[in-house]
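Colleague: This is the structure, below, for whatever I ask next.
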Amino acid sequence: MGYRVLILIDHQSHNITNSVYQLANRFFLHPKIGEVFVASRSDVSNLAFFSKHSSLDLHAVKVDSGFSFDSTGQQFDHVSNRINLQEMDMVVLRLPHPLDEAFFHFISENFPPEKMINRPQGIIQTGNKLFLLKLQSWCPPIRWCTTFAEIIDFHQAYNLVLKPLRSYGGKGIVRIYDGVLEDTYGVKIPLSKAELFLTDLKRDGYLAMQYLENVHLGDKRIVVVNGKIVGAALRIPAAGSWVCNVSQGGHAEAAFADEREAMMADAIHKVVSPLGIGIFGMDTLVDDNGQRVLSEINTLSVGGFGPMEMQHQKPIPALVADELISFYEQNSK
């Protein structure tokens with residue numbers, strides 16, 4: 001019998017573009033896989049596992065050929081299949097932000113971390129924006145700023161984007177341009193009056209990064225699995241915007257990684273793979289010299305390859321499943 005795979009999700013955050021359903025189906029069809037189960041954090045019967053950390057038992061949907069996105073979520077209501085975490089061979093984490101470190105510690109204590117993709121401790125390490133400092137040779141100029149004076153000093157050299165260290169989905173990001181602070185909704189404040197607005201200075205500060213004038217050329221998301229690029233998409237901001245966000249008027253289109261980005265992906269893989277990161281998304285922007293530079297990496301609930309499959313007309317979820325299984329076999333011995 002093949003591997004027993006458990007995918008952990010939160011189905012209430014899903015829409016029809018979520019690629020976990022295609023991934024589950026590719027696992028189901030894979031000759032090395034025996035059974036695939038999907039358990040949701042939003043299933044109240046799983047409260048003891050996800051929230052109370054008092055049980056290793058889960059109610060999970062057993063994937064078959066008809067498993068797909070259901071806008072009603074009813075397939076996760078009153079699930080009859082009861083499984084135990086320790087009966088699984090491989091666990092795939094597809095839980096959304098915010099990152100739940102207490103849960104990650106709980107699951108790591110009760111299941112071999114080397115059999116999880118991505119490994120919880122690796123997600124915690126790479127999920128902090130400061131991790132980019134380990135990759136800064138691929139980034140635009142960056143600096144960790146913990147005081148307003150440090151931000152002012154860095155702004156003497158560059159216009160900036162400030163990112164809270166634990167932010168996600170663009171939350172809390174601001175731009176400092178020619179002495180004016182601007183949030184992602186277009187609200188502007190003179191920098192001289194902005195210190196109180198920068199509330200993360202009271203916590204662990206910001207990762208400050210040079211603002212790149214070529215942002216209009218788009219933010220490219222590249223998905224890398226087991227060191228191999230499986231797909232890419234270009235997110236173009238709305239006219240006049242500096243935010244590459246489809247929900248704020250931008251749009252996405254098919255893209256391909258260039259030679260520099262392929263080298264970048266390989267370099268990042270060599271850093272994160274020993275941390276148990278088998279799949280990551282990396283975002284690149286065009287710098288002032290016309291070359292793509294690293295602006296972000298994502299190792300929690302990496303998706304987007306379902307839409308990429310339609311854009312590229314190639315079986316990307318199948319490639320992802322193949323490479324995740326290969327990564328599991330390489331790391332679980």
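So you can find residues: chains in the structure tokens are A, B, ... in the order shown, residues in each start at 1, and ligands are numbered from 1 in order.
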For Asp219 in chain A, find every residue with an atom within 8 Å (counting only C-alpha atoms), except residues of its own chain fewer than 2 positions away, and show them as JSON, numbers by chain.
Modeller: {"A": [215, 217, 221, 234, 235, 236, 244, 283, 284, 285]}
Colleague: Can you spit out the residues from that selection as an mmCIF file, in the first residue's frame, using N, CA and C atoms?
Modeller:
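Saved as selection-v8.cif:
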```cif
data_model
loop_
_atom_site.group_PDB
_atom_site.id
_atom_site.type_symbol
_atom_site.label_atom_id
_atom_site.label_comp_id
_atom_site.auth_asym_id
_atom_site.auth_seq_id
_atom_site.Cartn_x
_atom_site.Cartn_y
_atom_site.Cartn_z
ATOM 1 N N VAL A 215 7.793 49.320 -10.297
ATOM 2 C CA VAL A 215 6.737 48.453 -9.766
ATOM 3 C C VAL A 215 5.607 48.265 -10.779
ATOM 4 N N LEU A 217 5.849 47.421 -13.668
ATOM 5 C CA LEU A 217 6.150 46.261 -14.511
ATOM 6 C C LEU A 217 5.708 44.953 -13.864
ATOM 7 N N ARG A 221 5.194 36.263 -9.100
ATOM 8 C CA ARG A 221 5.195 35.162 -8.130
ATOM 9 C C ARG A 221 5.670 33.891 -8.839
ATOM 10 N N LEU A 234 2.467 36.875 -13.228
ATOM 11 C CA LEU A 234 2.820 38.281 -13.077
ATOM 12 C C LEU A 234 1.595 39.059 -12.629
ATOM 13 N N ARG A 235 1.739 39.760 -11.489
ATOM 14 C CA ARG A 235 0.643 40.566 -10.963
ATOM 15 C C ARG A 235 0.936 42.035 -11.257
ATOM 16 N N ILE A 236 0.108 42.631 -12.108
ATOM 17 C CA ILE A 236 0.293 44.012 -12.550
ATOM 18 C C ILE A 236 -0.600 44.922 -11.712
ATOM 19 N N CYS A 244 0.813 45.801 -6.004
ATOM 20 C CA CYS A 244 0.516 44.742 -6.982
ATOM 21 C C CYS A 244 -0.486 43.767 -6.375
ATOM 22 N N ASP A 283 8.664 36.235 -4.702
ATOM 23 C CA ASP A 283 8.164 37.377 -5.457
ATOM 24 C C ASP A 283 9.336 38.232 -5.909
ATOM 25 N N THR A 284 9.305 38.659 -7.163
ATOM 26 C CA THR A 284 10.374 39.510 -7.682
ATOM 27 C C THR A 284 9.799 40.775 -8.306
ATOM 28 N N LEU A 285 10.583 41.844 -8.218
ATOM 29 C CA LEU A 285 10.270 43.126 -8.841
ATOM 30 C C LEU A 285 11.453 43.550 -9.702
#
```
Colleague: Near Asn331 in chain A, counting only C-alpha atoms, which residues have an atom at most 8 Å away, once you skip same-chain residues fewer than 2 positions from it, shown as a PyMOL selection string?
Modeller: chain A and resi 114-115+276+327-329+333
Colleague: Given the selection you just returned, output its residues as a file containing C-alpha atoms, formatted as a compact mmCIF listing (two decimals), in the first residue's frame.
Modeller:
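Generated file (selection_27.txt):
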```txt
# COMPACT_ATOMS: atom_id res chain seq x y z
CA GLU A 114 10.78 15.67 8.72
CA LYS A 115 7.57 14.06 7.41
CA GLY A 276 12.35 21.43 5.81
CA PHE A 327 11.07 15.88 -1.25
CA TYR A 328 9.28 13.76 1.36
CA GLU A 329 11.23 10.66 0.34
CA LYS A 333 14.60 8.46 5.53
```
Colleague: From the set A:Ile107, A:Val44, A:Met264, A:Val272, which residue has the shortest atom-to-atom contact distance to Ile229 in chain A, counting only C-alpha atoms?
Modeller: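 Among the listed residues, A:Met264 lies closest to Ile229 in chain A.
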Colleague: CA of Glu150 in chain A and CA of Glu101 in chain A are how many Å apart?
Modeller: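 It comes out at 29.6 Å.
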Colleague: Run DSSP on the backbone and give me the residues of range 42-212 of chain A it puts in strand (DSSP E), as a ChimeraX atom specification.
Modeller: /A:57-59,61-62,82-84,90-93,116-117,142-145,160-164,174-177,180-183,188-190,206-210
Colleague: Hey, could you make a per-residue contact list for range 47-92 of chain A against range 19-33 of chain A with 8 Å as the cut-off, showing the nearest pair of atoms and its distance in Å to one decimal, counting only C-alpha atoms, sorted by chain and number, as CSV?
Modeller:
```
residue,atom,partner,partner_atom,distance
A:Val63,CA,A:Phe28,CA,6.7
A:Asp64,CA,A:Phe28,CA,6.7
A:Ser65,CA,A:Asn25,CA,6.8
A:Phe67,CA,A:Asn25,CA,7.0
A:Ser68,CA,A:Tyr21,CA,5.5
A:Phe69,CA,A:Tyr21,CA,6.3
```
Colleague: Write out as a PDB file with C-alpha atoms, in the first residue's frame the residues lying within 8 Å of Phe305 in chain A, counting only C-alpha atoms and excluding same-chain residues fewer than 5 positions away.
Modeller:
```pdb
ATOM      1  CA  SER A  19      -5.223  24.937  -5.665  1.00  0.00           C
ATOM      2  CA  VAL A 223       6.438  28.725  -7.254  1.00  0.00           C
ATOM      3  CA  GLY A 231       5.112  27.962 -12.594  1.00  0.00           C
ATOM      4  CA  ILE A 316       1.309  22.092 -12.762  1.00  0.00           C
ATOM      5  CA  PRO A 317      -0.555  20.452  -9.814  1.00  0.00           C
TER       6      PRO A 317
END
```
Colleague: Tell me, as a PyMOL selection string, which residues lie within 9 Å of range 73-76 of chain A, counting only C-alpha atoms; anything in the same chain fewer than 4 positions away does not count.
Modeller: chain A and resi 11-12+39-40+42-43+59-61+69
Colleague: How would the residues just picked look written out with N, CA and C atoms as an mmCIF file, in the first residue's frame?
Modeller:
```cif
data_model
loop_
_atom_site.group_PDB
_atom_site.id
_atom_site.type_symbol
_atom_site.label_atom_id
_atom_site.label_comp_id
_atom_site.auth_asym_id
_atom_site.auth_seq_id
_atom_site.Cartn_x
_atom_site.Cartn_y
_atom_site.Cartn_z
ATOM 1 N N HIS A 11 -11.041 25.358 5.305
ATOM 2 C CA HIS A 11 -11.836 25.483 4.077
ATOM 3 C C HIS A 11 -12.643 26.773 4.015
ATOM 4 N N GLN A 12 -12.905 27.414 5.156
ATOM 5 C CA GLN A 12 -13.711 28.639 5.130
ATOM 6 C C GLN A 12 -12.980 29.806 4.474
ATOM 7 N N ALA A 39 -8.337 17.422 6.307
ATOM 8 C CA ALA A 39 -8.994 17.835 7.546
ATOM 9 C C ALA A 39 -8.966 19.353 7.647
ATOM 10 N N SER A 40 -10.099 19.926 8.057
ATOM 11 C CA SER A 40 -10.235 21.382 8.093
ATOM 12 C C SER A 40 -10.262 21.915 9.525
ATOM 13 N N SER A 42 -11.734 24.564 10.299
ATOM 14 C CA SER A 42 -13.064 25.138 10.500
ATOM 15 C C SER A 42 -14.130 24.092 10.803
ATOM 16 N N ASP A 43 -13.767 22.832 10.783
ATOM 17 C CA ASP A 43 -14.679 21.769 11.207
ATOM 18 C C ASP A 43 -14.669 21.750 12.735
ATOM 19 N N HIS A 59 -11.429 14.465 12.286
ATOM 20 C CA HIS A 59 -12.424 14.117 11.283
ATOM 21 C C HIS A 59 -11.918 14.664 9.951
ATOM 22 N N ALA A 60 -11.859 13.797 8.951
ATOM 23 C CA ALA A 60 -11.256 14.191 7.677
ATOM 24 C C ALA A 60 -12.037 13.615 6.506
ATOM 25 N N VAL A 61 -12.091 14.383 5.434
ATOM 26 C CA VAL A 61 -12.677 13.908 4.181
ATOM 27 C C VAL A 61 -11.665 12.993 3.503
ATOM 28 N N PHE A 69 -13.673 21.697 -4.921
ATOM 29 C CA PHE A 69 -14.139 22.830 -4.123
ATOM 30 C C PHE A 69 -15.658 22.853 -4.086
#
```
Colleague: From the set A:Ile7, A:Val187, A:Leu275, A:Met310, which residue has the shortest atom-to-atom contact distance to Ala233 in chain A, counting only C-alpha atoms?
Modeller: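 Ranking A:Ile7, A:Val187, A:Leu275, A:Met310 by distance to Ala233 in chain A, first place goes to A:Met310.
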Colleague: Out of A:Val224, A:Met116, A:Val180, A:Ala208, which residue has the shortest atom-to-atom distance to Thr147 in chain A when counting only C-alpha atoms?
Modeller: A:Ala208
Colleague: Just to confirm, what's the straight-line distance from CA of Leu324 in chain A to CA of Pro307 in chain A in Å (one decimal)?
Modeller: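 Spanning CA of Leu324 in chain A to CA of Pro307 in chain A is a straight-line distance of 18.8 Å.
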Colleague: Give me the residues within 12 Å of Pro190 in chain A as number ranges by chain, counting only C-alpha atoms and dropping any in the same chain fewer than 6 places off.
Modeller: A: 175-183, 196-197
